[in-house]
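Trainee: Structure file work_6.pdb, PDB, C-alpha atoms, is pasted below:
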ATOM      1  CA  MET A   1      28.706 -44.343 -25.921  1.00  0.00           C
ATOM      2  CA  VAL A   2      27.336 -46.494 -23.132  1.00  0.00           C
ATOM      3  CA  LYS A   3      29.442 -46.130 -19.999  1.00  0.00           C
ATOM      4  CA  ASN A   4      27.623 -48.838 -18.072  1.00  0.00           C
ATOM      5  CA  SER A   5      28.740 -51.527 -20.503  1.00  0.00           C
ATOM      6  CA  PHE A   6      32.190 -51.645 -18.897  1.00  0.00           C
ATOM      7  CA  ILE A   7      31.791 -53.993 -15.972  1.00  0.00           C
ATOM      8  CA  SER A   8      34.610 -53.998 -13.473  1.00  0.00           C
ATOM      9  CA  VAL A   9      36.412 -57.312 -13.133  1.00  0.00           C
ATOM     10  CA  ILE A  10      37.577 -56.625  -9.573  1.00  0.00           C
ATOM     11  CA  SER A  11      35.039 -56.539  -6.734  1.00  0.00           C
ATOM     12  CA  GLN A  12      34.469 -53.423  -4.616  1.00  0.00           C
ATOM     13  CA  GLU A  13      36.256 -54.703  -1.501  1.00  0.00           C
ATOM     14  CA  GLU A  14      39.323 -55.669  -3.529  1.00  0.00           C
ATOM     15  CA  LYS A  15      39.195 -52.223  -5.110  1.00  0.00           C
ATOM     16  CA  ASP A  16      39.442 -50.489  -1.749  1.00  0.00           C
ATOM     17  CA  LYS A  17      42.222 -52.781  -0.535  1.00  0.00           C
ATOM     18  CA  ASN A  18      44.528 -53.114  -3.571  1.00  0.00           C
ATOM     19  CA  ARG A  19      44.453 -49.840  -5.499  1.00  0.00           C
ATOM     20  CA  GLY A  20      48.228 -49.782  -5.931  1.00  0.00           C
ATOM     21  CA  SER A  21      48.684 -53.370  -7.028  1.00  0.00           C
ATOM     22  CA  VAL A  22      49.907 -54.126 -10.526  1.00  0.00           C
ATOM     23  CA  GLU A  23      46.801 -56.184 -11.299  1.00  0.00           C
ATOM     24  CA  PHE A  24      44.454 -53.359 -10.323  1.00  0.00           C
ATOM     25  CA  GLN A  25      46.397 -50.853 -12.405  1.00  0.00           C
ATOM     26  CA  ILE A  26      46.271 -53.138 -15.444  1.00  0.00           C
ATOM     27  CA  VAL A  27      42.509 -53.587 -15.036  1.00  0.00           C
ATOM     28  CA  SER A  28      41.924 -49.848 -14.692  1.00  0.00           C
ATOM     29  CA  PHE A  29      44.107 -49.129 -17.746  1.00  0.00           C
ATOM     30  CA  THR A  30      42.160 -51.749 -19.698  1.00  0.00           C
ATOM     31  CA  ASN A  31      38.854 -50.108 -18.777  1.00  0.00           C
ATOM     32  CA  ARG A  32      40.199 -46.710 -19.848  1.00  0.00           C
ATOM     33  CA  ILE A  33      41.506 -48.194 -23.114  1.00  0.00           C
ATOM     34  CA  ARG A  34      38.110 -49.703 -23.926  1.00  0.00           C
ATOM     35  CA  ARG A  35      36.362 -46.423 -23.118  1.00  0.00           C
ATOM     36  CA  LEU A  36      38.767 -44.411 -25.278  1.00  0.00           C
ATOM     37  CA  THR A  37      38.486 -46.915 -28.131  1.00  0.00           C
ATOM     38  CA  SER A  38      34.709 -46.566 -28.209  1.00  0.00           C
ATOM     39  CA  HIS A  39      35.113 -42.767 -28.088  1.00  0.00           C
ATOM     40  CA  LEU A  40      37.528 -42.824 -31.007  1.00  0.00           C
ATOM     41  CA  GLN A  41      35.128 -44.888 -33.100  1.00  0.00           C
ATOM     42  CA  LEU A  42      32.742 -41.924 -32.975  1.00  0.00           C
ATOM     43  CA  HIS A  43      35.348 -39.144 -33.177  1.00  0.00           C
ATOM     44  CA  LYS A  44      37.921 -40.309 -35.689  1.00  0.00           C
ATOM     45  CA  LYS A  45      39.867 -37.030 -35.839  1.00  0.00           C
ATOM     46  CA  ASP A  46      40.362 -36.594 -32.088  1.00  0.00           C
ATOM     47  CA  TYR A  47      44.140 -36.742 -32.251  1.00  0.00           C
ATOM     48  CA  LEU A  48      44.693 -35.742 -28.634  1.00  0.00           C
ATOM     49  CA  SER A  49      42.677 -38.738 -27.447  1.00  0.00           C
ATOM     50  CA  GLN A  50      44.630 -40.944 -29.855  1.00  0.00           C
ATOM     51  CA  ARG A  51      47.842 -39.771 -28.223  1.00  0.00           C
ATOM     52  CA  GLY A  52      46.417 -40.445 -24.767  1.00  0.00           C
ATOM     53  CA  LEU A  53      45.365 -43.916 -25.868  1.00  0.00           C
ATOM     54  CA  ARG A  54      48.881 -44.686 -27.108  1.00  0.00           C
ATOM     55  CA  LYS A  55      50.358 -43.528 -23.792  1.00  0.00           C
ATOM     56  CA  ILE A  56      47.966 -45.701 -21.780  1.00  0.00           C
ATOM     57  CA  LEU A  57      48.695 -48.667 -24.051  1.00  0.00           C
ATOM     58  CA  GLY A  58      52.422 -48.229 -23.395  1.00  0.00           C
ATOM     59  CA  LYS A  59      51.923 -48.027 -19.641  1.00  0.00           C
ATOM     60  CA  ARG A  60      49.772 -51.151 -19.647  1.00  0.00           C
ATOM     61  CA  GLN A  61      52.311 -52.989 -21.790  1.00  0.00           C
ATOM     62  CA  ARG A  62      55.133 -52.145 -19.389  1.00  0.00           C
ATOM     63  CA  LEU A  63      53.064 -53.295 -16.418  1.00  0.00           C
ATOM     64  CA  LEU A  64      52.144 -56.529 -18.205  1.00  0.00           C
ATOM     65  CA  SER A  65      55.779 -57.277 -18.999  1.00  0.00           C
ATOM     66  CA  TYR A  66      56.724 -56.588 -15.361  1.00  0.00           C
ATOM     67  CA  LEU A  67      53.971 -58.919 -14.138  1.00  0.00           C
ATOM     68  CA  SER A  68      54.977 -61.656 -16.579  1.00  0.00           C
ATOM     69  CA  LYS A  69      58.530 -61.576 -15.232  1.00  0.00           C
ATOM     70  CA  LYS A  70      57.518 -61.525 -11.568  1.00  0.00           C
ATOM     71  CA  ASN A  71      54.480 -63.824 -11.459  1.00  0.00           C
ATOM     72  CA  ARG A  72      53.738 -65.794 -14.623  1.00  0.00           C
ATOM     73  CA  ILE A  73      50.680 -67.604 -13.212  1.00  0.00           C
ATOM     74  CA  CYS A  74      48.979 -64.378 -12.144  1.00  0.00           C
ATOM     75  CA  TYR A  75      49.847 -62.879 -15.534  1.00  0.00           C
ATOM     76  CA  LYS A  76      48.153 -65.756 -17.390  1.00  0.00           C
ATOM     77  CA  GLU A  77      45.034 -65.520 -15.196  1.00  0.00           C
ATOM     78  CA  LEU A  78      44.782 -61.763 -15.717  1.00  0.00           C
ATOM     79  CA  ILE A  79      45.217 -62.062 -19.486  1.00  0.00           C
ATOM     80  CA  ASN A  80      42.427 -64.641 -19.661  1.00  0.00           C
ATOM     81  CA  ARG A  81      40.133 -62.697 -17.336  1.00  0.00           C
ATOM     82  CA  LEU A  82      40.519 -59.425 -19.263  1.00  0.00           C
ATOM     83  CA  ASP A  83      40.364 -61.164 -22.646  1.00  0.00           C
ATOM     84  CA  ILE A  84      43.457 -59.452 -24.067  1.00  0.00           C
ATOM     85  CA  ARG A  85      46.235 -60.910 -26.149  1.00  0.00           C
ATOM     86  CA  GLU A  86      49.496 -62.067 -24.690  1.00  0.00           C
ATOM     87  CA  SER A  87      52.428 -59.798 -25.474  1.00  0.00           C
ATOM     88  CA  LYS A  88      55.095 -60.893 -27.904  1.00  0.00           C
ATOM     89  CA  THR A  89      58.331 -62.063 -26.360  1.00  0.00           C
ATOM     90  CA  ARG A  90      61.523 -60.435 -27.523  1.00  0.00           C
TER      91      ARG A  90
END
Now, as a test, write the supplied structure out as structure tokens.
Mentor:
Amino acid sequence: MVKNSFISVISQEEKDKNRGSVEFQIVSFTNRIRRLTSHLQLHKKDYLSQRGLRKILGKRQRLLSYLSKKNRICYKELINRLDIRESKTR
């Protein structure tokens, strides 16, 4: 697994300033999801990591739905920047 392949989307000064923002949390969850996914490709029977991945996916999904309700333009920009799919509407 190559850890340096995950390049942060947010710059260092924004990181120090906005650690609690919804956008920063979504980006950090996305980085953790990508890291865990690459780990699980090597270790297929690591069920504890699979559970952790599902929990992080749920947290990110809840944050994305919150952001889509509050600020649709920022949501669209973040989805495009992170290259993830848009959530299904209910």
Trainee: Would you list the contacts of Leu63 (chain A) as a list in words, taking every protein, DNA or RNA residue within 9 Å and counting only C-alpha atoms, but skipping same-chain residues closer than 3 positions in sequence?
Mentor: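 The neighbour list is Val22, Glu23, Gln25, Ile26, Gly58, Lys59, Arg60, Tyr66, Leu67 and Ser68 of chain A.
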Trainee: Grab the CA of Ile79 (chain A) to CA of Leu64 (chain A) distance for me, in Å with one decimal place.
Mentor: 9.0 Å
Trainee: Quick one: pull the distance between CA of Asn18 (chain A) and CA of Gly52 (chain A), Å, one decimal.
Mentor: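 Distance between the two atoms: 24.8 Å.
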Trainee: Any idea what the distance is between CA of Arg62 (chain A) and CA of Lys45 (chain A)?
Mentor: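 CA of Arg62 (chain A) sits 27.1 Å away from CA of Lys45 (chain A).
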Trainee: Could you tell me which residues the PyMOL selection byres ((chain A and resi 30) around 9) grabs in this file, written as a ChimeraX atom specification?
Mentor: /A:25-29,31-35,56-57,60,82,84
Trainee: Listed atoms of region 27-35 of chain A, axis-aligned box, 4 Å per side: centre and edge lengths to one decimal in Å, as AutoDock Vina command-line options?
Mentor:
--center_x 40.2 --center_y -50.0 --center_z -19.3 --size_x 15.7 --size_y 15.2 --size_z 17.2
